[in-house]
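Asker: Compact mmCIF, C-alpha atoms, saved as coords13.txt, coming up:
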# COMPACT_ATOMS: atom_id res chain seq x y z
CA MET K 1326 35.51 -24.14 29.11
CA LYS K 1327 35.43 -24.49 25.38
CA ALA K 1328 34.53 -28.15 25.63
CA PHE K 1329 31.67 -27.28 27.91
CA ILE K 1330 30.34 -24.69 25.58
CA LYS K 1331 30.53 -27.01 22.65
CA ALA K 1332 28.73 -29.80 24.48
CA ALA K 1333 26.13 -27.42 25.71
CA SER K 1334 25.62 -25.90 22.32
CA LEU K 1335 24.69 -29.29 20.98
CA SER K 1336 22.00 -29.81 23.56
CA ILE K 1337 18.60 -29.68 22.04
CA VAL K 1338 15.83 -27.41 22.99
CA MET K 1339 13.48 -25.62 20.76
CA LEU K 1340 12.96 -22.01 21.54
CA PRO K 1341 9.35 -21.87 22.65
CA VAL K 1342 8.76 -18.81 20.58
CA VAL K 1343 6.90 -19.17 17.32
CA LEU K 1344 9.39 -17.53 15.10
CA PRO K 1345 8.23 -15.53 12.13
CA ALA K 1346 10.03 -17.67 9.60
CA THR K 1347 8.59 -20.82 11.08
CA ALA K 1348 5.09 -19.48 10.99
CA GLN K 1349 5.55 -18.31 7.47
CA THR K 1350 6.62 -21.71 6.22
CA ALA K 1351 4.53 -23.89 8.47
CA THR K 1352 2.51 -25.27 5.59
CA SER K 1353 5.46 -25.97 3.39
CA THR K 1354 8.49 -28.13 3.71
CA LYS K 1355 10.35 -25.77 1.49
CA GLU K 1356 12.01 -22.98 3.33
CA ARG K 1357 11.65 -19.55 1.94
CA THR K 1358 13.48 -16.43 2.78
CA GLY K 1359 13.31 -12.97 1.39
CA ALA K 1360 16.80 -13.10 0.00
CA PRO K 1361 16.80 -12.21 -3.66
CA ILE K 1362 18.11 -14.55 -6.28
CA PRO K 1363 21.42 -13.09 -7.33
CA SER K 1364 21.60 -11.95 -10.91
CA ALA K 1365 24.68 -12.06 -13.04
CA SER K 1366 25.19 -8.33 -12.71
CA GLN K 1367 25.20 -8.68 -8.96
CA ALA K 1368 27.78 -11.42 -8.98
CA ALA K 1369 30.69 -9.27 -7.89
CA GLN K 1370 28.82 -7.81 -4.98
CA GLN K 1371 27.42 -11.20 -4.06
CA GLN K 1372 30.90 -12.62 -3.91
CA GLN K 1373 31.80 -10.19 -1.17
CA ASP K 1374 28.61 -11.06 0.64
CA MET K 1375 29.54 -14.70 1.12
CA LEU K 1376 32.11 -15.05 3.84
CA ARG K 1377 33.61 -17.74 6.01
CA GLY K 1378 32.46 -17.57 9.58
CA SER K 1379 36.00 -17.95 10.81
CA ARG K 1380 37.01 -14.86 8.85
CA ILE K 1381 34.26 -12.75 10.37
CA ILE K 1382 35.46 -13.62 13.82
CA GLY K 1383 38.27 -11.18 14.48
CA ALA K 1384 36.88 -8.46 12.24
CA SER K 1385 36.80 -5.00 13.73
CA VAL K 1386 33.72 -2.99 14.60
CA ARG K 1387 33.75 0.70 13.71
CA ASP K 1388 31.46 3.57 14.54
CA GLN K 1389 29.88 5.77 11.90
CA LYS K 1390 32.94 8.02 11.96
CA ASP K 1391 35.11 5.07 10.95
CA ARG K 1392 36.80 4.76 14.32
CA LYS K 1393 37.48 1.27 15.60
CA ILE K 1394 35.39 0.64 18.67
CA GLY K 1395 35.58 -3.11 19.06
CA GLU K 1396 36.16 -6.54 17.65
CA ILE K 1397 33.93 -9.48 16.80
CA LYS K 1398 34.87 -12.37 19.07
CA ASP K 1399 32.31 -14.93 18.04
CA LEU K 1400 29.00 -15.39 16.28
CA VAL K 1401 25.88 -16.74 17.91
CA LEU K 1402 23.98 -18.92 15.47
CA ASP K 1403 20.32 -19.76 15.53
CA GLY K 1404 20.79 -23.17 13.99
CA GLY K 1405 17.12 -23.90 13.53
CA ARG K 1406 16.46 -20.76 11.57
CA GLY K 1407 19.78 -20.99 9.85
CA GLU K 1408 20.76 -17.48 10.73
CA VAL K 1409 23.29 -15.49 12.65
CA ALA K 1410 21.49 -14.08 15.66
CA TYR K 1411 24.25 -12.08 17.34
CA ALA K 1412 27.81 -11.04 16.99
CA VAL K 1413 29.67 -11.30 20.26
CA VAL K 1414 31.63 -8.05 20.42
CA SER K 1415 34.37 -6.86 22.71
CA PHE K 1416 34.33 -3.09 22.99
CA GLY K 1417 37.88 -3.11 24.28
CA GLY K 1418 38.78 -0.01 26.19
CA VAL K 1419 35.65 1.93 25.38
CA MET K 1420 34.24 3.45 28.54
CA GLY K 1421 35.78 0.73 30.64
CA VAL K 1422 33.60 -2.03 29.26
CA GLY K 1423 36.50 -3.94 27.72
CA LYS K 1424 36.33 -6.77 30.22
CA LYS K 1425 32.91 -7.71 29.04
CA TYR K 1426 31.50 -9.18 25.88
CA HIS K 1427 28.34 -7.88 24.34
CA ALA K 1428 25.86 -9.68 22.11
CA VAL K 1429 24.91 -7.31 19.33
CA PRO K 1430 22.06 -8.24 16.97
CA TRP K 1431 23.58 -9.10 13.61
CA GLN K 1432 21.20 -6.79 11.80
CA ALA K 1433 22.57 -3.84 13.78
CA LEU K 1434 25.93 -4.31 12.06
CA LYS K 1435 26.51 -3.02 8.57
CA PRO K 1436 29.18 -4.88 6.61
CA GLY K 1437 32.02 -2.66 5.50
CA ASP K 1438 34.29 -3.16 2.53
CA ASP K 1439 35.48 -6.72 1.99
CA GLY K 1440 33.91 -7.81 5.23
CA LYS K 1441 36.99 -6.73 7.12
CA TYR K 1442 35.02 -4.47 9.40
CA TYR K 1443 31.45 -3.85 10.44
CA VAL K 1444 29.83 -0.54 11.25
CA LEU K 1445 27.69 -0.08 14.34
CA HIS K 1446 25.66 3.10 14.52
CA ALA K 1447 25.85 3.60 18.24
CA ASP K 1448 27.34 6.30 20.41
CA LYS K 1449 29.63 5.74 23.37
CA GLU K 1450 26.82 6.03 25.84
CA THR K 1451 24.84 3.34 24.09
CA ILE K 1452 27.80 1.00 24.15
CA ALA K 1453 28.66 1.77 27.74
CA GLN K 1454 25.17 0.94 28.92
CA ALA K 1455 24.63 -2.06 26.66
CA PRO K 1456 23.82 -5.35 28.36
CA GLY K 1457 26.95 -7.46 28.52
CA PHE K 1458 28.35 -10.50 30.19
CA ASP K 1459 31.60 -11.64 31.68
CA LYS K 1460 33.73 -13.17 28.94
CA SER K 1461 34.33 -16.24 31.08
CA ASN K 1462 30.70 -16.68 32.03
CA TRP K 1463 28.45 -16.75 29.00
CA PRO K 1464 24.72 -16.48 29.52
CA ASN K 1465 22.21 -19.01 28.31
CA MET K 1466 21.60 -17.47 24.94
CA ALA K 1467 18.61 -19.70 24.27
CA ASP K 1468 16.85 -17.99 27.15
CA GLN K 1469 13.95 -16.03 25.80
CA LYS K 1470 14.13 -13.24 28.31
CA TRP K 1471 17.82 -12.75 27.76
CA SER K 1472 17.46 -12.41 24.00
CA ALA K 1473 14.36 -10.24 24.31
CA ASP K 1474 16.23 -7.85 26.58
CA ILE K 1475 19.14 -7.68 24.18
CA ASP K 1476 16.92 -7.11 21.18
CA ARG K 1477 14.86 -4.48 22.95
CA TYR K 1478 17.91 -2.54 24.03
CA TRP K 1479 19.58 -2.45 20.65
CA SER K 1480 16.43 -1.80 18.66
CA ARG K 1481 15.82 1.23 20.82
CA MET K 1482 19.36 2.54 20.98
CA VAL K 1483 20.86 1.76 17.61
CA GLY K 1484 20.08 3.69 14.53
CA ARG K 1485 19.36 7.08 15.99
CA GLY K 1486 20.28 9.32 13.11
CA ALA K 1487 20.69 6.33 10.87
CA PRO K 1488 17.38 5.92 9.06
CA ASP K 1489 18.69 3.03 7.00
CA ASN K 1490 19.23 0.90 10.03
CA ASN K 1491 17.16 -2.24 9.99
CA LEU K 1492 16.45 -2.08 13.68
CA SER K 1493 14.90 1.36 13.56
CA THR K 1494 11.79 -0.15 12.01
CA GLY K 1495 10.92 -1.84 15.26
CA ALA K 1496 10.99 -5.21 13.59
CA SER K 1497 12.73 -6.80 16.51
CA GLY K 1498 12.72 -6.61 20.24
CA THR K 1499 9.74 -8.71 21.16
CA SER K 1500 10.28 -12.36 20.48
CA GLY K 1501 13.73 -13.56 21.34
CA ALA K 1502 16.63 -14.45 19.14
CA GLY K 1503 14.40 -14.96 16.17
CA ALA K 1504 13.39 -11.36 16.10
CA VAL K 1505 16.76 -10.14 15.02
CA GLY K 1506 17.03 -12.52 12.11
CA GLY K 1507 15.10 -12.42 8.93
CA SER K 1508 16.03 -10.84 5.70
CA ALA K 1509 15.25 -7.27 4.90
CA GLY K 1510 12.20 -8.30 2.96
CA GLN K 1511 10.66 -9.88 6.02
CA GLN K 1512 11.15 -7.05 8.43
CA GLY K 1513 7.78 -5.51 7.81
CA GLY K 1514 6.03 -8.80 8.21
CA ASP K 1515 7.81 -9.46 11.44
CA ALA K 1516 6.68 -6.19 12.87
CA ALA K 1517 3.09 -6.70 11.84
CA ARG K 1518 2.97 -10.26 13.02
CA MET V 587 9.87 -23.61 29.62
CA VAL V 588 11.35 -25.42 26.70
CA GLN V 589 9.87 -27.78 24.24
CA GLN V 590 11.50 -30.91 22.99
CA THR V 591 10.51 -31.01 19.41
CA THR V 592 11.90 -31.17 15.96
CA SER V 593 12.36 -27.94 14.15
CA SER V 594 10.08 -27.47 11.23
CA SER V 595 11.98 -24.47 10.03
CA GLY V 596 13.48 -25.46 6.73
CA GLY V 597 16.01 -22.69 6.74
CA GLY V 598 18.21 -24.36 9.22
CA ALA V 599 19.63 -27.61 10.39
CA ARG V 600 17.04 -29.78 12.04
CA VAL V 601 17.48 -30.96 15.57
CA VAL V 602 16.82 -34.36 17.05
CA GLY V 603 17.11 -35.72 20.55
CA GLY V 604 18.45 -33.59 23.32
CA GLN V 605 17.80 -32.94 26.95
CA PRO V 606 15.40 -30.26 28.07
CA ASN V 607 17.48 -29.36 31.10
CA PHE V 608 20.55 -28.08 29.37
CA SER V 609 22.51 -25.19 30.68
CA GLY V 610 24.24 -23.02 28.18
CA PRO V 611 23.50 -22.14 24.61
CA GLY V 612 20.48 -24.11 23.51
CA PRO V 613 20.19 -26.56 20.72
CA GLN V 614 19.37 -24.03 18.19
CA VAL V 615 21.65 -21.44 19.58
CA MET V 616 25.31 -22.16 19.16
CA ALA V 617 28.58 -20.34 19.07
CA ALA V 618 30.17 -20.38 15.64
CA ASP V 619 33.61 -20.73 17.14
CA THR V 620 32.74 -24.08 18.68
CA LEU V 621 31.39 -25.66 15.52
CA GLN V 622 34.78 -26.23 13.97
CA GLY V 623 35.78 -29.83 14.45
CA ASP V 624 32.29 -31.09 15.16
CA LYS V 625 31.81 -34.54 13.71
CA VAL V 626 29.48 -35.25 10.81
CA VAL V 627 28.05 -38.75 10.39
CA ASN V 628 25.50 -40.29 8.04
CA THR V 629 22.31 -42.05 9.06
CA GLN V 630 24.19 -45.35 9.16
CA GLY V 631 26.47 -43.81 11.75
CA GLU V 632 29.49 -43.78 9.47
CA ASP V 633 32.00 -41.03 10.01
CA LEU V 634 31.88 -38.51 7.17
CA GLY V 635 34.36 -36.01 8.51
CA GLU V 636 34.15 -32.83 10.49
CA ILE V 637 33.01 -29.26 10.20
CA GLU V 638 35.75 -27.02 8.89
CA ASP V 639 33.88 -23.73 8.71
CA ILE V 640 30.54 -22.18 7.95
CA MET V 641 29.65 -19.89 5.07
CA LEU V 642 27.49 -16.88 5.78
CA ASP V 643 25.48 -14.69 3.48
CA VAL V 644 26.49 -11.58 5.34
CA PRO V 645 23.76 -9.05 4.48
CA SER V 646 20.92 -11.43 5.25
CA GLY V 647 22.69 -13.22 8.05
CA ARG V 648 21.78 -16.59 6.56
CA ILE V 649 23.97 -19.59 7.25
CA ALA V 650 24.43 -20.83 3.72
CA TYR V 651 26.72 -23.83 4.09
CA ALA V 652 28.69 -25.87 6.49
CA VAL V 653 32.05 -26.78 5.03
CA LEU V 654 32.84 -30.44 5.62
CA SER V 655 36.34 -31.83 5.61
CA PHE V 656 36.39 -35.44 4.42
CA GLY V 657 38.83 -38.00 3.20
CA GLY V 658 42.56 -38.10 3.46
CA VAL V 659 44.54 -39.22 6.47
CA MET V 660 45.29 -37.11 9.50
CA GLY V 661 44.22 -33.97 7.73
CA ILE V 662 46.39 -34.64 4.69
CA GLY V 663 44.62 -34.99 1.39
CA ASP V 664 41.33 -33.84 2.80
CA LYS V 665 38.76 -32.65 0.37
CA LEU V 666 36.26 -30.00 1.35
CA PHE V 667 32.54 -30.06 0.65
CA ALA V 668 30.04 -27.26 1.03
CA ILE V 669 26.92 -28.77 2.54
CA PRO V 670 23.69 -26.76 2.48
CA TRP V 671 22.98 -25.90 6.12
CA SER V 672 19.43 -27.16 5.72
CA ALA V 673 20.71 -30.61 4.76
CA LEU V 674 22.23 -31.12 8.20
CA THR V 675 20.50 -32.43 11.26
CA LEU V 676 21.91 -31.65 14.66
CA ASP V 677 21.95 -34.75 16.86
CA ALA V 678 22.11 -33.41 20.36
CA ASP V 679 22.43 -36.79 22.02
CA ARG V 680 25.41 -37.85 19.99
CA LYS V 681 26.73 -34.32 19.82
CA CYS V 682 27.29 -34.37 16.11
CA PHE V 683 25.68 -33.41 12.83
CA VAL V 684 23.91 -35.97 10.65
CA LEU V 685 23.98 -35.81 6.88
CA ASP V 686 21.74 -38.29 5.09
CA ILE V 687 24.09 -39.48 2.39
CA ASP V 688 26.03 -42.62 1.50
CA LYS V 689 29.75 -42.40 1.88
CA ASP V 690 30.24 -43.43 -1.74
CA ARG V 691 27.88 -40.75 -2.92
CA LEU V 692 29.69 -38.13 -0.90
CA LYS V 693 32.87 -39.04 -2.75
CA ASN V 694 31.14 -37.86 -5.91
CA ALA V 695 29.77 -34.70 -4.35
CA PRO V 696 30.89 -31.33 -5.66
CA GLY V 697 33.99 -30.72 -3.59
CA PHE V 698 37.06 -28.54 -3.70
CA ASP V 699 40.63 -28.36 -2.55
CA LYS V 700 41.57 -26.70 0.71
CA ASP V 701 43.63 -24.13 -1.13
CA GLN V 702 41.13 -23.47 -3.86
CA TRP V 703 37.75 -22.44 -2.54
CA PRO V 704 35.10 -21.94 -5.23
CA SER V 705 33.13 -18.78 -5.66
CA MET V 706 30.24 -19.77 -3.46
CA ALA V 707 28.22 -16.75 -4.45
CA ASP V 708 28.16 -18.06 -8.00
CA THR V 709 24.56 -18.96 -8.73
CA SER V 710 25.21 -21.93 -10.97
CA TRP V 711 27.65 -23.40 -8.47
CA ALA V 712 25.19 -22.89 -5.64
CA GLU V 713 22.34 -24.45 -7.58
CA GLN V 714 24.48 -27.44 -8.45
CA VAL V 715 25.29 -28.02 -4.80
CA HIS V 716 21.72 -27.65 -3.62
CA THR V 717 20.51 -29.97 -6.36
CA PHE V 718 23.05 -32.61 -5.37
CA TYR V 719 21.78 -32.63 -1.80
CA ASN V 720 18.18 -32.22 -2.94
CA ARG V 721 17.66 -29.04 -0.94
CA THR V 722 15.81 -25.89 -1.80
CA PRO V 723 18.39 -23.11 -2.25
CA TYR V 724 18.70 -21.04 0.91
CA TRP V 725 17.93 -17.83 -0.93
CA GLN V 726 14.53 -19.08 -2.14
Using structure tokens, write down the structure that the file contains.
Answerer:
Amino acid sequence: MKAFIKAASLSIVMLPVVLPATAQTATSTKERTGAPIPSASQAAQQQQDMLRGSRIIGASVRDQKDRKIGEIKDLVLDGGRGEVAYAVVSFGGVMGVGKKYHAVPWQALKPGDDGKYYVLHADKETIAQAPGFDKSNWPNMADQKWSADIDRYWSRMVGRGAPDNNLSTGASGTSGAGAVGGSAGQQGGDAAR
Amino acid sequence: MVQQTTSSSGGGARVVGGQPNFSGPGPQVMAADTLQGDKVVNTQGEDLGEIEDIMLDVPSGRIAYAVLSFGGVMGIGDKLFAIPWSALTLDADRKCFVLDIDKDRLKNAPGFDKDQWPSMADTSWAEQVHTFYNRTPYWQ
């Protein structure tokens, strides 16, 4: 199964969507993102921001009351944009959805201290009704409709009562995996696109 | 439904080749867990090593680097290199990543020991690496 996934993941297809970042940089070969240039005073914080992918896998997911509600099982990368699109989360034991995996937009997760856990502002009902998939039968994550459905669900359901949540701005939910990426500085542009 | 084209997005690894009728995660969409061990070759087809890990800028979700393991024998004596993600091209047909660099030049690349990872958030370190591979820093 793993071999199949790896082989498949190396197949090439461009997402047909014109992604915001692509449009933004279409006239330039230099890629630009909204990420700020770290200053010396930010060095300590920046250090915590840079983590190995293999260390993020296995990190716990907590709710806003600091209770563990799940675990990150994998990361779905949008290689072309150079971004993490989704965290694949197992909400083990919560409302009986533990047998499934759920793709949660990366921007819906807030990094906790030291990157050892991530906070998801979602109630039990939101998690229970979230679109998921059988852990032994992964969907085609390059499928536009699949990613649009995921993005729409989480942008609507996450962040109620959490005004700082990136997804509450409505920046995502319309254009596939690309919609959940982007740095904070681009969110407004994405929405207005 | 899908287009077979080369990504123009500079933020990420470019993609070449590939079949339009794949089933499973697409070219640009990949599971992080499956990247480890993927081969990296240069444009001459020489083996440069394999992917050891990826480095993420967590708040922005950017993939900053792929960490390449190179040199040594049977995993002993390997040196690690942080390669800007944008410097890699995904070759779907050969199922590997391509890095346009001579083997000899890679030997002189800024590398580090397995047990002594550098502070990759350090700006001067990051600029040095991006300059070596002639890439625009991912945060710009």
Asker: Restricting the calculation to all atoms listed in the file: of K:Met1375, K:Ala1447, K:Ala1412, K:Ala1428, which residue gets closest to K:Arg1387?
Answerer: K:Ala1447
Asker: From the set K:Ser1472, K:Ser1480, K:Gln1432, K:Asn1465, which residue has the shortest atom-to-atom contact distance to chain V, counting all atoms listed in the file?
Answerer: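 Distance minimum relative to chain V lands on K:Asn1465.
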Asker: With only C-alpha atoms as the basis for distance, which of V:Tyr719, V:Phe683, V:Phe667, V:Phe656 is at the shortest distance from chain K?
Answerer: V:Phe683
Asker: What does the distance between atom CA of V:Leu621 and atom CA of V:Ile640 come to in Å, to one decimal place?
Answerer: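 For atom CA of V:Leu621 relative to atom CA of V:Ile640, the distance reads 8.4 Å.
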Asker: Looking at V:Gln702, V:Asn628, V:Gln714, V:Thr675, which one is nearest to chain K, with distances taken over all atoms listed in the file?
Answerer: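 Under the stated criterion, the closest residue is V:Thr675.
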Asker: Check the smallest atom-to-atom distance from each of K:Lys1470, K:His1446, K:Arg1477, K:Arg1392 to chain V using all atoms listed in the file, then report the winner.
Answerer: K:Lys1470
Asker: For K:Asp1388, which residue out of K:Lys1424, K:Lys1449, K:Lys1441, K:Arg1406 is the nearest one, using all atoms listed in the file?
Answerer: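 Closest to K:Asp1388, using all atoms listed in the file: K:Lys1449.
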Asker: At a cut-off of 12 Å, using all atoms listed in the file, what residues contact V:Gly697? Leave out same-chain residues fewer than 2 positions from it and give the result as a list of chain:residue names.
Answerer: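 Result of the neighbour search: V:Val653, V:Leu654, V:Ser655, V:Phe656, V:Gly657, V:Asp664, V:Lys665, V:Leu666, V:Phe667, V:Ala668, V:Ile669, V:Arg691, V:Leu692, V:Lys693, V:Asn694, V:Ala695, V:Asp699, V:Lys700, V:Asp701, V:Gln702, V:Trp703, V:Pro704, V:Met706, V:Trp711, V:Ala712, V:Gln714, V:Val715, V:Phe718.
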Asker: When you draw a straight line from atom CA of K:Gly1457 to atom CA of K:Arg1481, how long is it in Å?
Answerer: 16.1 Å
Asker: Take atom CA of V:Asp679 and atom CA of K:Ala1410 and report the distance between them in Å, one decimal.
Answerer: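 Spanning atom CA of V:Asp679 to atom CA of K:Ala1410 is a straight-line distance of 23.6 Å.
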Asker: Which residues come within 7 Å of K:Tyr1442, counting all atoms listed in the file, excluding same-chain residues fewer than 2 positions away, as number ranges by chain?
Answerer: K: 1384-1387, 1436-1437, 1440, 1444
Asker: Would you list the contacts of V:Val684 as a ChimeraX atom specification, taking every protein, DNA or RNA residue within 7 Å and counting all atoms listed in the file, but skipping same-chain residues closer than 3 positions in sequence?
Answerer: /V:626-629,674-677
